[in-house]
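Trainee: Structure file coords_17.tsv, TSV, C-alpha atoms, is pasted below:
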chain	number	residue	atom	x	y	z
A	23	MET	CA	26.54	18.35	-11.45
A	24	THR	CA	27.74	17.64	-7.93
A	25	VAL	CA	26.73	14.27	-6.57
A	26	VAL	CA	25.00	14.60	-3.22
A	27	ILE	CA	25.81	11.75	-0.84
A	28	ARG	CA	23.92	11.53	2.43
A	29	GLN	CA	25.56	9.28	4.99
A	30	HIS	CA	23.03	6.78	6.29
A	31	THR	CA	23.64	6.56	10.01
A	32	ARG	CA	21.25	3.64	10.65
A	33	ARG	CA	22.75	1.17	8.24
A	34	LEU	CA	24.12	-1.24	10.80
A	35	ALA	CA	20.99	-1.09	12.93
A	36	ILE	CA	18.68	-1.82	10.02
A	37	GLY	CA	20.49	-4.31	7.90
A	38	GLY	CA	23.35	-5.73	9.89
A	39	VAL	CA	25.79	-5.09	7.03
A	40	ALA	CA	27.75	-1.87	6.81
A	41	SER	CA	27.61	0.01	3.54
A	42	LEU	CA	30.67	1.55	2.03
A	43	GLY	CA	31.09	5.04	3.34
A	44	ALA	CA	30.52	8.30	1.55
A	45	LEU	CA	34.24	8.78	1.12
A	46	ALA	CA	34.54	5.63	-0.91
A	47	LEU	CA	31.56	6.61	-3.04
A	48	VAL	CA	32.89	10.05	-3.83
A	49	ALA	CA	36.52	9.18	-4.26
A	50	GLY	CA	36.10	5.91	-6.11
A	51	CYS	CA	37.10	5.68	-9.72
A	52	GLY	CA	37.11	1.90	-9.62
A	53	SER	CA	37.31	-0.33	-12.59
A	54	ALA	CA	34.22	-0.90	-14.69
A	55	PRO	CA	32.20	-4.06	-14.21
A	56	ASP	CA	33.48	-7.17	-15.90
A	57	ASP	CA	32.18	-7.64	-19.44
A	58	SER	CA	30.55	-10.90	-18.46
A	59	GLY	CA	27.51	-8.86	-17.33
A	60	SER	CA	24.42	-10.60	-16.01
A	61	GLY	CA	25.23	-14.02	-14.68
A	62	SER	CA	28.78	-13.11	-13.65
A	63	GLY	CA	28.55	-15.34	-10.59
A	64	GLY	CA	29.71	-12.55	-8.31
A	65	SER	CA	29.03	-14.39	-5.08
A	66	ALA	CA	31.43	-17.17	-6.06
A	67	SER	CA	34.24	-14.90	-7.23
A	68	GLY	CA	33.78	-12.34	-4.47
A	69	ASP	CA	33.58	-9.39	-6.86
A	70	PHE	CA	29.78	-9.06	-6.92
A	71	LYS	CA	28.75	-5.54	-5.87
A	72	PRO	CA	25.06	-4.97	-5.12
A	73	CYS	CA	24.09	-1.30	-4.94
A	74	MET	CA	21.04	0.84	-4.28
A	75	VAL	CA	19.90	4.43	-4.83
A	76	SER	CA	17.06	5.80	-2.70
A	77	ASP	CA	14.54	8.34	-3.82
A	78	SER	CA	14.41	11.68	-2.01
A	79	GLY	CA	12.69	10.09	1.00
A	80	GLY	CA	15.93	8.44	2.12
A	81	PHE	CA	16.51	5.08	3.74
A	82	ASP	CA	15.06	6.15	7.09
A	83	ASP	CA	11.55	6.73	5.73
A	84	LYS	CA	10.14	3.74	7.70
A	85	SER	CA	8.50	2.79	4.42
A	86	PHE	CA	9.54	1.50	1.01
A	87	ASN	CA	13.07	2.96	0.90
A	88	GLN	CA	13.84	1.34	4.24
A	89	LEU	CA	12.28	-1.98	3.19
A	90	GLY	CA	14.33	-2.01	-0.01
A	91	PHE	CA	17.47	-1.26	1.98
A	92	GLU	CA	16.75	-4.12	4.37
A	93	GLY	CA	16.29	-6.53	1.47
A	94	LEU	CA	19.58	-5.39	-0.05
A	95	THR	CA	21.56	-5.77	3.15
A	96	GLU	CA	20.10	-9.15	4.09
A	97	ALA	CA	20.81	-10.61	0.64
A	98	SER	CA	24.30	-9.12	0.70
A	99	ASP	CA	24.94	-10.70	4.08
A	100	THR	CA	23.83	-14.08	2.75
A	101	LEU	CA	26.11	-13.74	-0.27
A	102	GLY	CA	29.00	-12.55	1.88
A	103	VAL	CA	29.43	-9.26	0.04
A	104	GLU	CA	29.22	-5.63	1.08
A	105	PRO	CA	26.59	-3.41	-0.54
A	106	ILE	CA	27.01	0.17	-1.62
A	107	THR	CA	24.09	2.51	-0.95
A	108	VAL	CA	23.55	6.16	-1.68
A	109	GLU	CA	20.71	8.43	-0.64
A	110	SER	CA	19.24	11.10	-2.87
A	111	ALA	CA	18.46	14.45	-1.27
A	112	SER	CA	16.36	15.57	-4.25
A	113	PRO	CA	15.36	14.38	-7.73
A	114	THR	CA	18.33	16.20	-9.25
A	115	ASP	CA	20.57	13.66	-7.51
A	116	TYR	CA	19.14	10.57	-9.23
A	117	SER	CA	21.21	10.53	-12.41
A	118	PRO	CA	24.53	11.53	-10.83
A	119	ASN	CA	24.04	9.09	-7.98
A	120	ILE	CA	23.43	6.22	-10.40
A	121	SER	CA	26.43	7.29	-12.46
A	122	ASN	CA	28.51	7.32	-9.32
A	123	LEU	CA	27.57	3.71	-8.59
A	124	VAL	CA	28.36	2.74	-12.18
A	125	ASP	CA	31.82	4.24	-11.64
A	126	GLN	CA	32.16	2.15	-8.48
A	127	GLY	CA	31.88	-1.02	-10.54
A	128	CYS	CA	28.47	-2.08	-9.24
A	129	SER	CA	27.21	-5.40	-10.60
A	130	LEU	CA	23.57	-4.70	-9.72
A	131	ILE	CA	21.96	-1.31	-9.12
A	132	VAL	CA	18.52	-1.23	-7.48
A	133	THR	CA	16.70	2.09	-7.83
A	134	VAL	CA	13.91	2.81	-5.36
A	135	GLY	CA	10.81	4.33	-6.87
A	136	PHE	CA	9.20	5.29	-10.17
A	137	ASP	CA	10.75	8.76	-9.93
A	138	LEU	CA	14.07	7.17	-10.89
A	139	ALA	CA	12.71	5.57	-14.07
A	140	ASP	CA	14.23	8.01	-16.55
A	141	ALA	CA	17.64	7.96	-14.86
A	142	THR	CA	17.54	4.17	-14.56
A	143	LYS	CA	16.65	3.67	-18.21
A	144	ALA	CA	19.42	5.99	-19.40
A	145	ALA	CA	22.01	4.28	-17.22
A	146	ALA	CA	20.86	0.78	-18.23
A	147	GLU	CA	21.01	1.64	-21.92
A	148	ALA	CA	24.53	2.98	-21.50
A	149	ASN	CA	25.73	0.09	-19.32
A	150	THR	CA	24.35	-3.14	-20.73
A	151	ASP	CA	26.78	-5.24	-18.67
A	152	ILE	CA	25.21	-4.08	-15.38
A	153	ASP	CA	22.02	-5.55	-13.91
A	154	PHE	CA	19.36	-3.05	-12.83
A	155	ALA	CA	16.13	-3.44	-10.85
A	156	ILE	CA	13.60	-0.70	-10.20
A	157	ILE	CA	10.93	-0.65	-7.53
A	158	ASP	CA	7.37	0.49	-8.34
A	159	ASP	CA	7.90	1.01	-12.06
A	160	SER	CA	7.27	-1.20	-15.09
A	161	SER	CA	7.88	1.29	-17.89
A	162	ILE	CA	11.38	0.11	-18.84
A	163	ASP	CA	11.67	-2.71	-21.37
A	164	LEU	CA	15.36	-3.57	-21.45
A	165	PRO	CA	17.10	-6.95	-21.06
A	166	ASN	CA	19.13	-5.74	-18.07
A	167	VAL	CA	16.27	-4.08	-16.11
A	168	LYS	CA	13.92	-6.02	-13.82
A	169	PRO	CA	10.71	-4.25	-12.71
A	170	LEU	CA	9.54	-4.91	-9.14
A	171	THR	CA	5.85	-4.02	-8.86
A	172	TYR	CA	3.05	-4.78	-6.43
A	173	ASP	CA	-0.71	-5.17	-6.81
A	174	ALA	CA	-1.41	-3.20	-3.64
A	175	ALA	CA	-5.13	-3.03	-4.47
A	176	GLN	CA	-5.41	-6.58	-3.16
A	177	GLY	CA	-4.00	-5.68	0.26
A	178	GLY	CA	-5.94	-2.43	0.24
A	179	PHE	CA	-9.16	-4.40	-0.31
A	180	LEU	CA	-8.58	-6.37	2.89
A	181	ALA	CA	-7.76	-3.18	4.80
A	182	GLY	CA	-10.90	-1.47	3.52
A	183	TYR	CA	-13.04	-4.39	4.65
A	184	ALA	CA	-11.35	-4.32	8.07
A	185	ALA	CA	-11.78	-0.55	8.35
A	186	ALA	CA	-15.49	-0.78	7.55
A	187	SER	CA	-15.92	-3.58	10.08
A	188	TYR	CA	-14.13	-1.58	12.78
A	189	SER	CA	-15.75	1.82	12.14
A	190	LYS	CA	-18.24	3.05	14.73
A	191	THR	CA	-19.16	6.27	12.91
A	192	GLY	CA	-19.80	4.64	9.54
A	193	VAL	CA	-17.24	6.92	7.89
A	194	VAL	CA	-13.68	5.98	6.91
A	195	GLY	CA	-11.21	8.13	5.02
A	196	THR	CA	-8.10	7.93	2.88
A	197	PHE	CA	-5.76	10.46	1.32
A	198	GLY	CA	-2.57	10.31	-0.68
A	199	GLY	CA	0.68	12.11	-1.23
A	200	SER	CA	0.82	12.72	-4.98
A	201	GLN	CA	-1.86	11.40	-7.33
A	202	LEU	CA	0.18	8.67	-8.92
A	203	PRO	CA	-0.71	5.06	-9.80
A	204	THR	CA	1.51	3.68	-7.03
A	205	VAL	CA	-0.57	5.69	-4.55
A	206	THR	CA	-4.06	5.43	-5.97
A	207	ILE	CA	-3.81	1.65	-6.30
A	208	PHE	CA	-3.95	1.43	-2.50
A	209	MET	CA	-6.90	3.81	-2.38
A	210	ASP	CA	-8.82	1.92	-5.06
A	211	GLY	CA	-8.48	-1.34	-3.18
A	212	PHE	CA	-9.39	0.30	0.12
A	213	ALA	CA	-12.59	1.85	-1.20
A	214	ASP	CA	-13.58	-1.36	-2.98
A	215	GLY	CA	-13.01	-3.33	0.22
A	216	VAL	CA	-15.35	-1.00	2.10
A	217	ASN	CA	-17.97	-1.45	-0.62
A	218	TYR	CA	-17.59	-5.22	-0.44
A	219	PHE	CA	-18.18	-5.10	3.31
A	220	ASN	CA	-21.34	-3.07	2.71
A	221	GLU	CA	-22.57	-5.62	0.18
A	222	GLN	CA	-21.86	-8.57	2.44
A	223	LYS	CA	-23.24	-7.03	5.63
A	224	ASN	CA	-25.98	-4.82	4.20
A	225	LYS	CA	-24.27	-1.77	5.69
A	226	ALA	CA	-23.60	1.73	4.39
A	227	VAL	CA	-20.10	2.65	5.56
A	228	ARG	CA	-18.97	5.70	3.60
A	229	VAL	CA	-15.52	6.33	2.12
A	230	ILE	CA	-14.29	9.91	1.98
A	231	GLY	CA	-11.09	11.21	0.39
A	232	TRP	CA	-11.23	9.05	-2.73
A	233	ASP	CA	-13.75	8.37	-5.48
A	234	VAL	CA	-12.86	5.19	-7.39
A	235	GLY	CA	-15.17	5.91	-10.32
A	236	ALA	CA	-14.00	9.47	-10.84
A	237	GLN	CA	-10.41	8.66	-9.85
A	238	ASN	CA	-10.06	11.80	-7.78
A	239	GLY	CA	-9.74	12.68	-4.13
A	240	SER	CA	-7.58	14.24	-1.43
A	241	PHE	CA	-3.84	14.62	-1.96
A	242	THR	CA	-1.12	16.61	-0.23
A	243	GLY	CA	0.95	17.23	-3.35
A	244	GLY	CA	4.01	15.43	-2.00
A	245	PHE	CA	5.26	12.86	0.47
A	246	ALA	CA	6.53	15.04	3.28
A	247	ALA	CA	5.17	14.88	6.81
A	248	ASN	CA	4.06	18.50	7.15
A	249	GLU	CA	1.17	20.79	7.98
A	250	VAL	CA	-0.50	20.15	4.63
A	251	ALA	CA	-0.60	16.42	5.39
A	252	LYS	CA	-1.82	17.05	8.91
A	253	ASN	CA	-4.55	19.41	7.70
A	254	THR	CA	-5.62	16.90	5.06
A	255	ALA	CA	-6.00	14.22	7.72
A	256	GLN	CA	-7.83	16.71	9.92
A	257	GLY	CA	-10.27	17.35	7.10
A	258	LEU	CA	-11.22	13.67	7.11
A	259	ILE	CA	-11.52	13.64	10.89
A	260	ASP	CA	-13.75	16.71	10.76
A	261	GLN	CA	-16.09	14.72	8.50
A	262	ASN	CA	-16.41	12.09	11.23
A	263	ALA	CA	-13.98	9.51	9.86
A	264	ASP	CA	-12.80	7.19	12.61
A	265	VAL	CA	-10.37	5.23	10.43
A	266	VAL	CA	-7.76	7.15	8.38
A	267	PHE	CA	-5.56	5.58	5.69
A	268	PRO	CA	-2.74	7.89	4.49
A	269	VAL	CA	-0.85	6.59	1.43
A	270	GLY	CA	2.50	8.14	0.72
A	271	GLY	CA	5.50	7.39	2.89
A	272	PRO	CA	5.93	9.70	5.90
A	273	ILE	CA	2.56	11.47	5.58
A	274	TYR	CA	1.18	8.92	8.04
A	275	GLN	CA	3.20	10.70	10.74
A	276	SER	CA	1.18	13.87	10.18
A	277	ALA	CA	-2.06	11.90	10.22
A	278	ALA	CA	-1.01	10.35	13.53
A	279	GLN	CA	-0.47	13.80	14.99
A	280	ALA	CA	-3.89	14.93	13.81
A	281	ILE	CA	-5.44	11.87	15.43
A	282	ARG	CA	-3.67	12.51	18.73
A	283	ASP	CA	-4.69	16.17	18.68
A	284	SER	CA	-8.31	15.17	18.14
A	285	SER	CA	-8.40	13.15	21.39
A	286	ARG	CA	-10.89	10.85	19.68
A	287	PRO	CA	-10.73	7.05	19.19
A	288	ILE	CA	-9.56	7.16	15.57
A	289	ALA	CA	-7.60	4.30	14.03
A	290	LEU	CA	-4.71	4.69	11.60
A	291	ILE	CA	-3.80	2.35	8.73
A	292	GLY	CA	-0.21	2.18	7.52
A	293	ALA	CA	1.11	1.61	3.99
A	294	ASP	CA	4.04	-0.31	2.49
A	295	ALA	CA	5.58	-1.55	5.75
A	296	ASP	CA	3.96	-3.02	8.84
A	297	VAL	CA	4.21	0.40	10.45
A	298	PHE	CA	3.60	-1.07	13.91
A	299	GLU	CA	7.02	-2.69	13.50
A	300	SER	CA	8.81	0.04	11.53
A	301	ASP	CA	7.58	2.95	13.68
A	302	PRO	CA	6.50	1.87	17.18
A	303	SER	CA	5.82	5.51	18.11
A	304	VAL	CA	2.44	5.24	16.36
A	305	GLY	CA	1.82	1.59	17.17
A	306	ASP	CA	-1.03	2.31	19.58
A	307	LEU	CA	-2.98	4.01	16.76
A	308	LEU	CA	-2.61	1.32	14.10
A	309	LEU	CA	-5.51	-0.88	13.16
A	310	THR	CA	-3.33	-2.59	10.54
A	311	SER	CA	-1.09	-1.79	7.56
A	312	VAL	CA	-1.24	-2.64	3.87
A	313	THR	CA	2.12	-4.23	3.18
A	314	LYS	CA	4.24	-4.65	0.08
A	315	GLY	CA	6.93	-7.33	-0.06
A	316	LEU	CA	9.70	-4.98	-1.10
A	317	LYS	CA	12.16	-6.53	1.30
A	318	THR	CA	11.60	-10.03	-0.04
A	319	SER	CA	11.57	-9.05	-3.70
A	320	VAL	CA	14.76	-7.02	-3.40
A	321	ASP	CA	16.40	-9.84	-1.46
A	322	GLU	CA	15.48	-12.22	-4.28
A	323	VAL	CA	16.75	-10.04	-7.13
A	324	VAL	CA	20.05	-9.44	-5.32
A	325	ALA	CA	20.41	-13.18	-4.69
A	326	THR	CA	19.66	-14.14	-8.29
A	327	SER	CA	21.96	-11.49	-9.70
A	328	GLY	CA	24.71	-12.56	-7.31
A	329	ASP	CA	24.24	-16.18	-8.36
A	330	GLY	CA	24.43	-15.29	-12.03
A	331	ALA	CA	20.74	-15.99	-12.68
A	332	PHE	CA	19.40	-12.46	-13.26
A	333	ASP	CA	16.47	-12.07	-15.64
A	334	ASN	CA	14.32	-9.12	-16.65
A	335	SER	CA	10.91	-10.74	-16.18
A	336	ALA	CA	8.63	-8.48	-14.17
A	337	TYR	CA	8.00	-9.33	-10.54
A	338	VAL	CA	4.40	-8.60	-9.51
A	339	GLY	CA	3.65	-8.91	-5.83
A	340	THR	CA	0.22	-10.38	-5.07
A	341	LEU	CA	-1.60	-11.99	-2.17
A	342	ASP	CA	-0.81	-15.34	-3.74
A	343	ASN	CA	2.98	-14.89	-3.58
A	344	ASP	CA	2.95	-12.80	-0.37
A	345	GLY	CA	4.12	-9.80	-2.36
A	346	VAL	CA	1.30	-7.76	-0.82
A	347	GLY	CA	-0.80	-8.31	2.25
A	348	ILE	CA	-2.24	-6.95	5.44
A	349	ALA	CA	-0.41	-6.71	8.76
A	350	PRO	CA	-1.68	-8.23	12.02
A	351	PHE	CA	-4.00	-6.14	14.18
A	352	HIS	CA	-1.40	-6.01	16.96
A	353	ASP	CA	-2.78	-3.79	19.76
A	354	PHE	CA	-6.21	-3.75	18.08
A	355	GLU	CA	-6.58	-7.53	18.24
A	356	GLY	CA	-9.06	-7.26	21.09
A	357	LYS	CA	-10.86	-4.28	19.57
A	358	VAL	CA	-11.95	-5.75	16.26
A	359	ASP	CA	-14.89	-8.08	15.73
A	360	ALA	CA	-14.01	-11.64	16.75
A	361	ALA	CA	-15.10	-12.95	13.35
A	362	LEU	CA	-13.11	-10.41	11.32
A	363	GLN	CA	-9.88	-12.36	10.89
A	364	GLY	CA	-11.76	-15.40	9.63
A	365	GLU	CA	-13.69	-13.25	7.18
A	366	LEU	CA	-10.45	-11.72	5.90
A	367	ASP	CA	-8.91	-15.16	5.48
A	368	THR	CA	-11.92	-16.21	3.40
A	369	ILE	CA	-11.74	-13.05	1.30
A	370	LYS	CA	-8.01	-13.53	0.73
A	371	ALA	CA	-8.63	-17.07	-0.45
A	372	GLY	CA	-11.38	-15.78	-2.75
A	373	ILE	CA	-9.10	-13.18	-4.29
A	374	ILE	CA	-6.34	-15.74	-4.83
A	375	GLY	CA	-8.78	-18.28	-6.23
A	376	GLY	CA	-10.49	-15.78	-8.51
A	377	SER	CA	-13.99	-15.84	-7.02
A	378	ILE	CA	-13.47	-12.27	-5.78
A	379	THR	CA	-12.14	-9.84	-8.36
A	380	VAL	CA	-10.01	-6.92	-7.23
A	381	GLU	CA	-9.13	-4.52	-10.02
A	382	SER	CA	-7.63	-1.06	-10.17
A	383	PRO	CA	-6.78	1.08	-13.19
A	384	SER	CA	-3.32	1.20	-11.62
A	385	SER	CA	-2.82	-2.54	-11.13
A	386	PRO	CA	0.35	-3.97	-12.73
A	387	LYS	CA	-0.35	-5.59	-16.07
What does this structure look like when you write it as structure tokens?

Mentor:
Amino acid sequence: MTVVIRQHTRRLAIGGVASLGALALVAGCGSAPDDSGSGSGGSASGDFKPCMVSDSGGFDDKSFNQLGFEGLTEASDTLGVEPITVESASPTDYSPNISNLVDQGCSLIVTVGFDLADATKAAAEANTDIDFAIIDDSSIDLPNVKPLTYDAAQGGFLAGYAAASYSKTGVVGTFGGSQLPTVTIFMDGFADGVNYFNEQKNKAVRVIGWDVGAQNGSFTGGFAANEVAKNTAQGLIDQNADVVFPVGGPIYQSAAQAIRDSSRPIALIGADADVFESDPSVGDLLLTSVTKGLKTSVDEVVATSGDGAFDNSAYVGTLDNDGVGIAPFHDFEGKVDAALQGELDTIKAGIIGGSITVESPSSPK
């Protein structure tokens, strides 16, 4: 199978460290990694090679691929090494792209997204002297694979409470890309946060697009920003939702277009990144974003692998370790209730302390 390499033109702008070019990736038949495996102390010897494979969204998705890339490049800069990255154009590229990085002598390979689980597991089993880390998947139990997962229900809970507080119509909506645990975990938390607001304030704000009990709702069937995503967002708007929370990479762009076309005061909530920062073109629409600490967790796994201290214990991002959270209100600071931030701080402390329970069927175990 031909390996598809997509040159990432924004590498320097995003991470500050240039990646090896496509020519090197394709032509390289470099030596295999040293048999010392995990704990090789690559940063000291200068031969540590941190690498990353994107999913089909690519590193310019303004979401979790981009955040992972930023973590890789920042850690590489700190270690004084140069990372190798490769973008996948489609799922058929995952296995050959990982194999290509193995051939390049990578010391650590970070794979972005649960879709790469099968390819990651096969490569890790065949290359026990290479460290692997996979984002948003915990299905692989191997000594050389570290899962990086995030309890996004906790951040979603805060966003749901904020959405309910902000709503003037009493209707807020959410929809997802594909119905997968890494998507529905956000939606579970969001809906539960709205319900908590109703309990605390004796209100009746309604959530449309997702039913926590039935575990079903509105999905586009993929993660592309397209007419399906725009029409799905429009369906929520047509039901009087004045806060819309799309979960699934670039689909927020389609929701933003539907909001602009409506000419109504509808707020958008971002997912994964602080979208106000990652995509300023929609900044004026954003109430907040539910964030995942992908950048920090990738930075940490690259640093530990480079220092020879890699381990396969699962990383679970929570409010307590800043692995998930909620972004500032930015342009909406003056539009939300003056007491809202204090209430959210209290709720966050309650979740961390255990007095408020946030659970999702999709929460990392």

Trainee: Which residue gives the smallest distance to A:Tyr116 among A:Asp296, A:Asp260, A:Asp137, A:Glu92, with all atoms listed in the file counted?

Mentor: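 The closest residue to A:Tyr116 is A:Asp137.
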
Trainee: For a test of reading the model, state the distance in Å between atom CA of A:Phe197 and atom CA of A:Ile374, rounded to one decimal.

Mentor: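 About the pair atom CA of A:Phe197 and atom CA of A:Ile374: they are 26.9 Å apart.
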
Trainee: What does the structure give for the distance between atom CA of A:Gly199 and atom CA of A:Gly211, in Å to one decimal?

Mentor: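 Separating atom CA of A:Gly199 from atom CA of A:Gly211 is a distance of 16.4 Å.
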
Trainee: Need the neighbours of (12.5, -8.1, -0.3): which residues are at most 12 Å away, counting all atoms listed in the file, as a VMD selection string?

Mentor: chain A and resid 86 to 98 132 157 170 to 172 294 to 295 313 to 325 337 339 344 to 346

Trainee: How many Å separate atom CA of A:Asp82 from atom CA of A:Glu299?

Mentor: 13.6 Å

Trainee: Smallest atom-to-atom distance to A:Val338: which of A:Gly239, A:Pro72, A:Pro386, A:Gly271, using all atoms listed in the file?

Mentor: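 Under the stated criterion, the closest residue is A:Pro386.
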
Trainee: Give, as AutoDock Vina command-line options, the centre coordinates and the x, y and z edge lengths in Å to one decimal for an axis-aligned box around all listed atoms of stretch 286-303 of chain A, padded by 4 Å on each side.

Mentor:
--center_x -1.0 --center_y 3.9 --center_z 11.1 --size_x 27.7 --size_y 21.9 --size_z 25.2

Trainee: Between A:Gly330, A:Gly135, A:Gly102, A:Gly372, which has the minimum distance to A:Ser85 (counting all atoms listed in the file)?

Mentor: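 With all atoms listed in the file as the atom set, the closest residue is A:Gly135.
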
Trainee: Nearest residue to A:Ser112 out of A:Ser335, A:Ser78, A:Thr379, A:Thr100, using all atoms listed in the file?

Mentor: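 Result for the nearest residue to A:Ser112: A:Ser78.
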